[in-house]
Amino acid sequence: MAHILYNTLRTTPSVPLELVIHILENTYHNVDGSSDLGTLSSCSLVCKSWTPIAQRLLFHHTQADNKTFSTSESSQEHTRLSIAFHSLLNRPALGTYIRILEVSVGRDRHFTTLPRRLISLPDFIRLLSLCPQLYQLVLSLEHRQLEPSVLSALSKTVPYLQALDIDTTSDAYRDISFVLYQLMEVWPTIRFLRLRAGLSVPPPPTRPAFALHELHLFSPIDPAGLTWLLPYPAKTSSLCILGLGAAFAQLRPSELAIFAAHAPYVRSLRLTREPVEGFVELFSHVEELVLCQLLLFPRLPALPTSVRYLGLYSHPVSYASDLDAQLGAAMDSLKTLPNLDTVTVNSTIADMYASRLLSSECSERGVRFMVDPRERYDKPLEYLVPADPPPRLLNAENLFRMGY
């Protein structure tokens, strides 16, 4: 990957190019998932040859709200424009560095009447037009449905969007059916989908030609909508990563049949709570298994022998004894996994007494034991790139796979 940056940094006279690249990349990827943007900003000012690579990292993941990305032209409102947006307007090349964009879009067209965290729909379209190489969109919407003119405008912005993480900003109406169906029509290139709101409205009669590599479902979904996302029956499947929220602890027969058809192709399975009996066994080729909330697994399921990477997570708890008991059950499960390579726990579990026993058990078996520094499994420390093989990591190699 270093050769991609070589032409940019080759004029640096006193520091080896490989060292400069390594320092900047590791500055961007801290172990807790954060980025040292202050240091990167300073690096961008060191010399001209360092500026482009530092700016690529600074703009790689951008968050927008109506105080930072309003596009109003009036003189009074122009003073509300942020330095970041001025930079994009005056130097459009900076927009080509943005690969991940987080934005919440409100119904109001005028930014002065919107809460800070929301931007207007016209501003959203304008912002996307400045990010022609956007890879992942993290989007929250107040809208239940988008007008045809809006869909037409969106189709002219980002040509090859690969990942969509979508939610609704409304607490009263937790369904995103219409908008999702519309956006998948606009961007059939989407391969990674995280759906944080419900899908209860039947899908349209025609389905865009998208093929999902990853699907995360956090809220209830109608079987017809699930079939629209994961065609059934299926002779083959593109699905490699599947994540299911707590709403999927109980599955209807129709849902179970759909997942069963795609299960043999899944390599990474992430579960929030104990599923119906026999569900995990369907995934006979899974290599990565993550239990996102260990306390919601009163009985650990029988784990497929194909598992190589096991992730155990928990939110902070006040009843440590229950969590210790679950970790004890996890240690028993290790003995049934002949191919196990790595066990990862988060900081909450690492503080438990049983975690030290688990670490010792891993050491005796020659299994790596790793600690994720976060307290929760809300946002995995990974880039949404193909898992071949899993696990995916938040590192420079996968950064480049996003078209960096």
# chains A, B, ... in the order shown; residues from 1 in each chain; ligands from 1
>>> residues_around(residues="A:Glu375", least_positions_apart="4", cutoff="12 Å", atoms="only C-alpha atoms", output="VMD selection string")
chain A and resid 32 292 to 293 312 to 317 345 to 351 371 379 to 380
>>> residues_around(residues="A:Leu295", least_positions_apart="2", cutoff="10 Å", atoms="only C-alpha atoms", output="ChimeraX atom specification")
/A:272-274,291-293,297-300,313-315,317,322-327
>>> residues_around(residues="A:Pro389", least_positions_apart="4", cutoff="12 Å", atoms="only C-alpha atoms", output="compact mmCIF listing (two decimals) with all heavy atoms, in the first residue's frame")
# COMPACT_ATOMS: atom_id res chain seq x y z
N CYS A 240 -21.99 -12.66 3.27
CA CYS A 240 -20.82 -13.16 3.99
C CYS A 240 -20.86 -12.79 5.46
O CYS A 240 -20.31 -13.51 6.30
CB CYS A 240 -19.55 -12.61 3.34
SG CYS A 240 -18.01 -13.25 4.02
N ILE A 241 -21.50 -11.68 5.80
CA ILE A 241 -21.55 -11.18 7.17
C ILE A 241 -23.01 -10.92 7.54
O ILE A 241 -23.72 -10.21 6.82
CB ILE A 241 -20.74 -9.88 7.32
CG1 ILE A 241 -19.30 -10.10 6.89
CG2 ILE A 241 -20.79 -9.36 8.75
CD1 ILE A 241 -18.49 -8.81 6.79
N VAL A 266 -22.32 -17.71 4.96
CA VAL A 266 -21.94 -16.69 5.94
C VAL A 266 -20.63 -17.08 6.62
O VAL A 266 -20.48 -18.22 7.08
CB VAL A 266 -23.05 -16.49 6.99
CG1 VAL A 266 -22.58 -15.57 8.11
CG2 VAL A 266 -24.29 -15.91 6.32
N ARG A 267 -19.70 -16.12 6.68
CA ARG A 267 -18.41 -16.35 7.32
C ARG A 267 -18.28 -15.61 8.65
O ARG A 267 -17.40 -15.91 9.45
CB ARG A 267 -17.27 -15.93 6.38
CG ARG A 267 -17.18 -16.77 5.12
CD ARG A 267 -16.85 -18.22 5.44
NE ARG A 267 -16.82 -19.08 4.26
CZ ARG A 267 -17.86 -19.76 3.80
NH1 ARG A 267 -19.02 -19.68 4.44
NH2 ARG A 267 -17.77 -20.52 2.75
N SER A 268 -19.13 -14.61 8.88
CA SER A 268 -19.08 -13.84 10.12
C SER A 268 -20.50 -13.65 10.62
O SER A 268 -21.36 -13.13 9.91
CB SER A 268 -18.41 -12.48 9.90
OG SER A 268 -18.39 -11.72 11.08
N HIS A 285 -20.19 -22.95 8.27
CA HIS A 285 -18.90 -22.50 7.76
C HIS A 285 -18.46 -21.17 8.36
O HIS A 285 -17.52 -20.54 7.86
CB HIS A 285 -18.92 -22.38 6.24
CG HIS A 285 -19.12 -23.69 5.53
ND1 HIS A 285 -20.37 -24.20 5.24
CD2 HIS A 285 -18.24 -24.61 5.08
CE1 HIS A 285 -20.24 -25.36 4.62
NE2 HIS A 285 -18.96 -25.64 4.52
N VAL A 286 -19.12 -20.73 9.41
CA VAL A 286 -18.79 -19.44 9.99
C VAL A 286 -17.41 -19.49 10.64
O VAL A 286 -17.05 -20.46 11.32
CB VAL A 286 -19.88 -19.01 11.01
CG1 VAL A 286 -19.84 -19.87 12.27
CG2 VAL A 286 -19.73 -17.56 11.36
N GLU A 287 -16.62 -18.45 10.38
CA GLU A 287 -15.26 -18.37 10.93
C GLU A 287 -15.16 -17.38 12.08
O GLU A 287 -14.30 -17.52 12.95
CB GLU A 287 -14.27 -17.98 9.83
CG GLU A 287 -14.17 -18.97 8.69
CD GLU A 287 -13.22 -18.52 7.61
OE1 GLU A 287 -12.13 -18.03 7.94
OE2 GLU A 287 -13.58 -18.62 6.42
N GLU A 288 -16.03 -16.38 12.08
CA GLU A 288 -16.04 -15.37 13.13
C GLU A 288 -17.41 -15.35 13.78
O GLU A 288 -18.42 -15.18 13.11
CB GLU A 288 -15.70 -13.99 12.56
CG GLU A 288 -15.71 -12.89 13.63
CD GLU A 288 -15.51 -11.50 13.03
OE1 GLU A 288 -16.08 -11.23 11.95
OE2 GLU A 288 -14.78 -10.71 13.64
N VAL A 307 -15.39 -22.17 13.76
CA VAL A 307 -15.09 -20.85 14.33
C VAL A 307 -13.60 -20.71 14.61
O VAL A 307 -12.99 -21.54 15.29
CB VAL A 307 -15.89 -20.63 15.64
CG1 VAL A 307 -15.41 -19.37 16.35
CG2 VAL A 307 -17.37 -20.53 15.33
N ARG A 308 -13.03 -19.62 14.08
CA ARG A 308 -11.62 -19.29 14.32
C ARG A 308 -11.47 -18.06 15.18
O ARG A 308 -10.46 -17.90 15.87
CB ARG A 308 -10.91 -19.07 12.98
CG ARG A 308 -10.90 -20.28 12.05
CD ARG A 308 -10.29 -19.94 10.70
NE ARG A 308 -8.94 -19.43 10.88
CZ ARG A 308 -8.36 -18.53 10.06
NH1 ARG A 308 -9.08 -18.01 9.06
NH2 ARG A 308 -7.14 -18.14 10.26
N TYR A 309 -12.45 -17.16 15.12
CA TYR A 309 -12.39 -15.91 15.88
C TYR A 309 -13.67 -15.79 16.71
O TYR A 309 -14.77 -15.79 16.16
CB TYR A 309 -12.26 -14.71 14.93
CG TYR A 309 -11.09 -14.83 13.99
CD1 TYR A 309 -11.27 -15.32 12.70
CD2 TYR A 309 -9.81 -14.45 14.38
CE1 TYR A 309 -10.21 -15.45 11.82
CE2 TYR A 309 -8.74 -14.58 13.52
CZ TYR A 309 -8.94 -15.08 12.24
OH TYR A 309 -7.88 -15.20 11.38
N VAL A 385 -15.48 -3.46 4.58
CA VAL A 385 -14.87 -4.01 3.37
C VAL A 385 -15.14 -5.50 3.36
O VAL A 385 -15.53 -6.08 4.38
CB VAL A 385 -13.35 -3.72 3.34
CG1 VAL A 385 -13.09 -2.22 3.29
CG2 VAL A 385 -12.65 -4.34 4.55
N LEU A 393 -10.42 -5.43 10.21
CA LEU A 393 -9.81 -4.59 11.23
C LEU A 393 -9.85 -3.13 10.82
O LEU A 393 -9.99 -2.80 9.63
CB LEU A 393 -8.37 -5.03 11.50
CG LEU A 393 -8.17 -6.47 11.98
CD1 LEU A 393 -6.68 -6.80 12.05
CD2 LEU A 393 -8.85 -6.70 13.32
>>> atom_distance(atom1="atom CA of A:Val186", atom2="atom CA of A:Leu154")
7.2 Å
>>> closest_residue(among="A:Val46, A:Leu271, A:Met184, A:Leu381", to="A:Phe248", atoms="only C-alpha atoms")
A:Leu271
>>> residues_around(residues="A:Gln162", least_positions_apart="4", cutoff="12 Å", atoms="only C-alpha atoms", output="PyMOL selection string")
chain A and resi 99-100+133-138+158+184+186-194+210-214+383-386+401-403
>>> residues_around(residues="A:Asp222", least_positions_apart="2", cutoff="9 Å", atoms="only C-alpha atoms", output="PyMOL selection string")
chain A and resi 198-202+220+224-227+255
>>> write_last_selection(atoms="C-alpha atoms", output="mmCIF file, in the first residue's frame")
data_model
loop_
_atom_site.group_PDB
_atom_site.id
_atom_site.type_symbol
_atom_site.label_atom_id
_atom_site.label_comp_id
_atom_site.auth_asym_id
_atom_site.auth_seq_id
_atom_site.Cartn_x
_atom_site.Cartn_y
_atom_site.Cartn_z
ATOM 1 C CA GLY A 198 -37.996 -1.286 11.188
ATOM 2 C CA LEU A 199 -39.063 -2.556 7.784
ATOM 3 C CA SER A 200 -42.798 -3.303 7.946
ATOM 4 C CA VAL A 201 -44.146 -2.076 4.594
ATOM 5 C CA PRO A 202 -44.211 -4.648 1.749
ATOM 6 C CA PRO A 220 -38.065 -6.071 13.462
ATOM 7 C CA ALA A 224 -41.504 -9.918 2.695
ATOM 8 C CA GLY A 225 -38.926 -7.207 3.328
ATOM 9 C CA LEU A 226 -36.395 -9.801 4.455
ATOM 10 C CA THR A 227 -36.961 -11.789 1.258
ATOM 11 C CA GLU A 255 -37.655 -15.990 8.634
#
>>> select_by_dssp(residues="stretch 279-374 of chain A", states="helix (DSSP H, G or I)", output="ChimeraX atom specification")
/A:280-282,294-296,320-334,347-350,353-365
>>> write_last_selection(atoms="N, CA and C atoms", output="short mmCIF file (atom, residue, chain, number, x, y, z; two decimals), in the first residue's frame")
data_model
loop_
_atom_site.label_atom_id
_atom_site.label_comp_id
_atom_site.auth_asym_id
_atom_site.auth_seq_id
_atom_site.Cartn_x
_atom_site.Cartn_y
_atom_site.Cartn_z
N VAL A 280 -27.72 -21.22 15.42
CA VAL A 280 -26.28 -21.05 15.18
C VAL A 280 -25.72 -22.23 14.41
N GLU A 281 -26.24 -23.42 14.67
CA GLU A 281 -25.72 -24.61 13.99
C GLU A 281 -25.94 -24.55 12.47
N LEU A 282 -26.89 -23.71 12.01
CA LEU A 282 -27.12 -23.58 10.57
C LEU A 282 -25.90 -23.01 9.86
N LEU A 294 -23.16 -10.60 26.12
CA LEU A 294 -23.01 -11.95 26.65
C LEU A 294 -24.09 -12.31 27.67
N LEU A 295 -24.54 -11.34 28.47
CA LEU A 295 -25.53 -11.63 29.49
C LEU A 295 -26.91 -11.99 28.91
N LEU A 296 -27.11 -11.71 27.62
CA LEU A 296 -28.38 -12.07 26.98
C LEU A 296 -28.33 -13.46 26.37
N ALA A 320 -21.71 -8.57 38.62
CA ALA A 320 -20.55 -9.21 38.01
C ALA A 320 -20.61 -10.73 38.10
N SER A 321 -21.26 -11.27 39.11
CA SER A 321 -21.27 -12.72 39.27
C SER A 321 -21.91 -13.42 38.08
N ASP A 322 -22.99 -12.82 37.53
CA ASP A 322 -23.64 -13.42 36.36
C ASP A 322 -22.70 -13.43 35.16
N LEU A 323 -21.97 -12.34 35.00
CA LEU A 323 -21.05 -12.27 33.87
C LEU A 323 -19.90 -13.25 34.05
N ASP A 324 -19.42 -13.41 35.27
CA ASP A 324 -18.37 -14.40 35.53
C ASP A 324 -18.86 -15.80 35.18
N ALA A 325 -20.12 -16.09 35.51
CA ALA A 325 -20.67 -17.41 35.20
C ALA A 325 -20.72 -17.64 33.69
N GLN A 326 -21.09 -16.60 32.94
CA GLN A 326 -21.14 -16.73 31.48
C GLN A 326 -19.76 -16.94 30.89
N LEU A 327 -18.77 -16.28 31.47
CA LEU A 327 -17.40 -16.47 31.00
C LEU A 327 -16.92 -17.89 31.28
N GLY A 328 -17.36 -18.45 32.40
CA GLY A 328 -17.02 -19.84 32.69
C GLY A 328 -17.58 -20.78 31.64
N ALA A 329 -18.82 -20.51 31.22
CA ALA A 329 -19.42 -21.32 30.15
C ALA A 329 -18.67 -21.15 28.84
N ALA A 330 -18.18 -19.93 28.61
CA ALA A 330 -17.41 -19.68 27.38
C ALA A 330 -16.12 -20.48 27.37
N MET A 331 -15.49 -20.60 28.54
CA MET A 331 -14.25 -21.40 28.62
C MET A 331 -14.52 -22.86 28.26
N ASP A 332 -15.66 -23.38 28.69
CA ASP A 332 -16.01 -24.75 28.32
C ASP A 332 -16.20 -24.87 26.80
N SER A 333 -16.73 -23.81 26.18
CA SER A 333 -16.97 -23.84 24.73
C SER A 333 -15.66 -23.87 23.95
N LEU A 334 -14.60 -23.30 24.50
CA LEU A 334 -13.33 -23.28 23.79
C LEU A 334 -12.84 -24.68 23.45
N SER A 347 -13.53 -4.25 27.27
CA SER A 347 -12.95 -3.84 28.55
C SER A 347 -13.82 -4.25 29.73
N THR A 348 -15.15 -4.27 29.55
CA THR A 348 -16.04 -4.68 30.63
C THR A 348 -15.75 -6.11 31.06
N ILE A 349 -15.62 -6.99 30.09
CA ILE A 349 -15.34 -8.39 30.40
C ILE A 349 -13.91 -8.57 30.90
N ALA A 350 -12.98 -7.81 30.35
CA ALA A 350 -11.58 -7.95 30.75
C ALA A 350 -11.38 -7.67 32.23
N TYR A 353 -13.07 -11.35 36.99
CA TYR A 353 -12.12 -12.35 37.48
C TYR A 353 -12.01 -13.51 36.50
N ALA A 354 -13.15 -13.97 35.98
CA ALA A 354 -13.14 -15.12 35.07
C ALA A 354 -12.39 -14.81 33.78
N SER A 355 -12.26 -13.53 33.45
CA SER A 355 -11.53 -13.18 32.23
C SER A 355 -10.06 -13.56 32.34
N ARG A 356 -9.51 -13.45 33.55
CA ARG A 356 -8.11 -13.85 33.74
C ARG A 356 -7.95 -15.36 33.54
N LEU A 357 -8.95 -16.11 33.99
CA LEU A 357 -8.92 -17.55 33.76
C LEU A 357 -9.05 -17.87 32.28
N LEU A 358 -9.91 -17.10 31.61
CA LEU A 358 -10.08 -17.29 30.17
C LEU A 358 -8.79 -16.98 29.43
N SER A 359 -8.11 -15.93 29.84
CA SER A 359 -6.83 -15.58 29.24
C SER A 359 -5.81 -16.70 29.42
N SER A 360 -5.78 -17.28 30.61
CA SER A 360 -4.84 -18.38 30.88
C SER A 360 -5.17 -19.60 30.04
N GLU A 361 -6.47 -19.87 29.91
CA GLU A 361 -6.91 -21.00 29.09
C GLU A 361 -6.48 -20.81 27.63
N CYS A 362 -6.61 -19.59 27.14
CA CYS A 362 -6.19 -19.30 25.76
C CYS A 362 -4.68 -19.48 25.62
N SER A 363 -3.94 -19.00 26.61
CA SER A 363 -2.48 -19.11 26.55
C SER A 363 -2.04 -20.57 26.50
N GLU A 364 -2.68 -21.40 27.28
CA GLU A 364 -2.33 -22.82 27.30
C GLU A 364 -2.61 -23.49 25.96
N ARG A 365 -3.63 -23.00 25.28
CA ARG A 365 -4.00 -23.61 24.00
C ARG A 365 -3.31 -22.96 22.81
#
>>> select_by_dssp(residues="stretch 55-235 of chain A", states="strand (DSSP E or B)", output="compact mmCIF listing (two decimals) with N, CA, C and O atoms, in the first residue's frame")
# COMPACT_ATOMS: atom_id res chain seq x y z
N HIS A 61 -13.19 10.47 7.27
CA HIS A 61 -14.45 10.23 8.00
C HIS A 61 -14.96 11.58 8.48
O HIS A 61 -14.35 12.20 9.35
N THR A 62 -16.08 12.03 7.92
CA THR A 62 -16.59 13.37 8.19
C THR A 62 -18.00 13.30 8.76
O THR A 62 -18.84 12.53 8.29
N GLN A 63 -18.26 14.10 9.78
CA GLN A 63 -19.59 14.23 10.36
C GLN A 63 -20.13 15.62 10.03
O GLN A 63 -19.39 16.60 10.08
N ALA A 64 -21.42 15.69 9.71
CA ALA A 64 -22.02 16.96 9.30
C ALA A 64 -23.23 17.28 10.16
O ALA A 64 -24.00 16.40 10.52
N ILE A 100 -16.26 8.22 4.34
CA ILE A 100 -17.35 7.93 5.27
C ILE A 100 -17.98 9.25 5.67
O ILE A 100 -17.29 10.16 6.13
N LEU A 101 -19.28 9.37 5.50
CA LEU A 101 -20.00 10.58 5.85
C LEU A 101 -21.15 10.23 6.79
O LEU A 101 -21.98 9.37 6.48
N GLU A 102 -21.18 10.89 7.96
CA GLU A 102 -22.27 10.74 8.92
C GLU A 102 -23.13 11.99 8.89
O GLU A 102 -22.62 13.09 9.08
N VAL A 103 -24.43 11.82 8.68
CA VAL A 103 -25.30 12.98 8.55
C VAL A 103 -26.73 12.62 8.96
O VAL A 103 -27.19 11.50 8.72
N SER A 104 -27.41 13.57 9.60
CA SER A 104 -28.83 13.43 9.92
C SER A 104 -29.60 14.50 9.18
O SER A 104 -29.24 15.68 9.23
N VAL A 105 -30.66 14.11 8.49
CA VAL A 105 -31.40 15.01 7.60
C VAL A 105 -32.80 15.24 8.15
O VAL A 105 -33.54 14.30 8.44
N LEU A 118 -29.29 18.22 12.76
CA LEU A 118 -29.90 17.94 11.48
C LEU A 118 -29.49 18.95 10.43
O LEU A 118 -29.26 20.11 10.72
N ILE A 119 -29.41 18.49 9.17
CA ILE A 119 -29.25 19.41 8.05
C ILE A 119 -30.48 19.26 7.15
O ILE A 119 -31.22 18.29 7.23
N GLN A 136 -19.10 5.08 2.17
CA GLN A 136 -20.07 4.69 3.20
C GLN A 136 -20.85 5.90 3.67
O GLN A 136 -20.28 6.93 4.01
N LEU A 137 -22.17 5.76 3.73
CA LEU A 137 -23.05 6.81 4.20
C LEU A 137 -23.77 6.34 5.46
O LEU A 137 -24.46 5.31 5.45
N VAL A 138 -23.55 7.07 6.56
CA VAL A 138 -24.26 6.81 7.82
C VAL A 138 -25.35 7.86 7.91
O VAL A 138 -25.08 9.03 8.16
N LEU A 139 -26.60 7.46 7.71
CA LEU A 139 -27.68 8.39 7.45
C LEU A 139 -28.85 8.18 8.41
O LEU A 139 -29.33 7.06 8.61
N SER A 140 -29.32 9.30 9.00
CA SER A 140 -30.57 9.30 9.77
C SER A 140 -31.52 10.28 9.09
O SER A 140 -31.12 11.39 8.73
N LEU A 141 -32.77 9.86 8.94
CA LEU A 141 -33.75 10.66 8.20
C LEU A 141 -35.02 10.88 9.00
O LEU A 141 -35.51 9.97 9.67
N ALA A 163 -21.67 1.27 0.97
CA ALA A 163 -22.16 0.92 2.30
C ALA A 163 -23.18 1.95 2.78
O ALA A 163 -22.97 3.16 2.64
N LEU A 164 -24.27 1.46 3.38
CA LEU A 164 -25.31 2.33 3.91
C LEU A 164 -25.68 1.87 5.31
O LEU A 164 -26.03 0.71 5.53
N ASP A 165 -25.57 2.79 6.26
CA ASP A 165 -25.99 2.56 7.65
C ASP A 165 -27.13 3.55 7.89
O ASP A 165 -26.91 4.75 7.97
N ILE A 166 -28.37 3.06 7.96
CA ILE A 166 -29.52 3.95 7.90
C ILE A 166 -30.42 3.79 9.13
O ILE A 166 -30.62 2.69 9.64
N ASP A 167 -30.94 4.93 9.59
CA ASP A 167 -31.83 4.98 10.74
C ASP A 167 -32.83 6.11 10.51
O ASP A 167 -32.70 6.89 9.56
N THR A 168 -33.82 6.21 11.38
CA THR A 168 -34.74 7.33 11.35
C THR A 168 -34.49 8.20 12.57
O THR A 168 -34.12 7.70 13.63
N ASP A 175 -39.86 3.26 11.47
CA ASP A 175 -39.91 2.44 10.26
C ASP A 175 -39.26 3.23 9.13
O ASP A 175 -39.51 4.43 8.97
N PHE A 192 -23.05 -3.33 1.58
CA PHE A 192 -23.00 -3.41 3.04
C PHE A 192 -24.16 -2.59 3.59
O PHE A 192 -24.21 -1.39 3.38
N LEU A 193 -25.09 -3.24 4.28
CA LEU A 193 -26.29 -2.56 4.74
C LEU A 193 -26.49 -2.80 6.22
O LEU A 193 -26.55 -3.96 6.68
N ARG A 194 -26.62 -1.71 6.98
CA ARG A 194 -26.97 -1.77 8.41
C ARG A 194 -28.28 -1.03 8.60
O ARG A 194 -28.34 0.18 8.43
N LEU A 195 -29.31 -1.77 8.94
CA LEU A 195 -30.66 -1.24 9.02
C LEU A 195 -31.05 -1.13 10.49
O LEU A 195 -31.31 -2.14 11.15
N GLY A 198 -37.16 -0.19 11.65
CA GLY A 198 -38.00 -1.29 11.19
C GLY A 198 -38.26 -1.26 9.69
O GLY A 198 -38.07 -0.25 9.00
N LEU A 199 -38.71 -2.40 9.20
CA LEU A 199 -39.06 -2.56 7.78
C LEU A 199 -40.36 -3.35 7.76
O LEU A 199 -40.36 -4.57 7.72
N GLU A 214 -22.91 -7.87 3.27
CA GLU A 214 -23.13 -7.75 4.72
C GLU A 214 -24.51 -7.19 4.98
O GLU A 214 -24.97 -6.27 4.32
N LEU A 215 -25.18 -7.77 6.00
CA LEU A 215 -26.49 -7.28 6.41
C LEU A 215 -26.57 -7.32 7.93
O LEU A 215 -26.37 -8.37 8.55
N HIS A 216 -26.85 -6.15 8.53
CA HIS A 216 -27.09 -6.05 9.97
C HIS A 216 -28.51 -5.55 10.18
O HIS A 216 -28.89 -4.50 9.64
N LEU A 217 -29.29 -6.28 10.95
CA LEU A 217 -30.67 -5.93 11.24
C LEU A 217 -30.81 -5.71 12.75
O LEU A 217 -30.54 -6.61 13.54
N ILE A 221 -38.39 -6.82 11.22
CA ILE A 221 -38.51 -6.68 9.77
C ILE A 221 -39.56 -7.67 9.27
O ILE A 221 -39.62 -8.82 9.72
>>> closest_residue(among="A:Glu382, A:Ser170, A:Pro373, A:Leu121", to="A:Ala396", atoms="only C-alpha atoms")
A:Glu382
>>> closest_residue(among="A:Asn26, A:Ser129, A:Thr169, A:Thr344", to="A:Ser155", atoms="only C-alpha atoms")
A:Ser129
>>> closest_residue(among="A:Leu256, A:Val276, A:Ala197, A:Ile53", to="A:Arg174", atoms="only C-alpha atoms")
A:Ala197
>>> decode(residues="stretch 326-333 of chain A", atoms="all heavy atoms", output="compact mmCIF listing (two decimals), in the first residue's frame")
# COMPACT_ATOMS: atom_id res chain seq x y z
N GLN A 326 -21.09 -16.60 32.94
CA GLN A 326 -21.14 -16.73 31.48
C GLN A 326 -19.76 -16.94 30.89
O GLN A 326 -19.57 -17.69 29.94
CB GLN A 326 -21.79 -15.48 30.87
CG GLN A 326 -23.27 -15.37 31.11
CD GLN A 326 -24.03 -16.52 30.51
OE1 GLN A 326 -24.26 -17.53 31.18
NE2 GLN A 326 -24.42 -16.41 29.26
N LEU A 327 -18.77 -16.28 31.47
CA LEU A 327 -17.40 -16.47 31.00
C LEU A 327 -16.92 -17.89 31.28
O LEU A 327 -16.17 -18.48 30.50
CB LEU A 327 -16.47 -15.46 31.66
CG LEU A 327 -16.59 -14.03 31.16
CD1 LEU A 327 -15.73 -13.09 32.00
CD2 LEU A 327 -16.18 -13.93 29.70
N GLY A 328 -17.36 -18.45 32.40
CA GLY A 328 -17.02 -19.84 32.69
C GLY A 328 -17.58 -20.78 31.64
O GLY A 328 -16.91 -21.72 31.20
N ALA A 329 -18.82 -20.51 31.22
CA ALA A 329 -19.42 -21.32 30.15
C ALA A 329 -18.67 -21.15 28.84
O ALA A 329 -18.52 -22.09 28.06
CB ALA A 329 -20.89 -20.94 29.98
N ALA A 330 -18.18 -19.93 28.61
CA ALA A 330 -17.41 -19.68 27.38
C ALA A 330 -16.12 -20.48 27.37
O ALA A 330 -15.69 -20.98 26.33
CB ALA A 330 -17.11 -18.18 27.25
N MET A 331 -15.49 -20.60 28.54
CA MET A 331 -14.25 -21.40 28.62
C MET A 331 -14.52 -22.86 28.26
O MET A 331 -13.70 -23.51 27.60
CB MET A 331 -13.65 -21.29 30.01
CG MET A 331 -12.89 -20.00 30.24
SD MET A 331 -11.93 -19.98 31.77
CE MET A 331 -13.26 -19.79 32.97
N ASP A 332 -15.66 -23.38 28.69
CA ASP A 332 -16.01 -24.75 28.32
C ASP A 332 -16.20 -24.87 26.80
O ASP A 332 -15.86 -25.90 26.21
CB ASP A 332 -17.29 -25.18 29.04
CG ASP A 332 -17.11 -25.29 30.55
OD1 ASP A 332 -15.95 -25.49 30.99
OD2 ASP A 332 -18.11 -25.15 31.28
N SER A 333 -16.73 -23.81 26.18
CA SER A 333 -16.97 -23.84 24.73
C SER A 333 -15.66 -23.87 23.95
O SER A 333 -15.62 -24.40 22.83
CB SER A 333 -17.80 -22.63 24.31
OG SER A 333 -19.07 -22.65 24.90
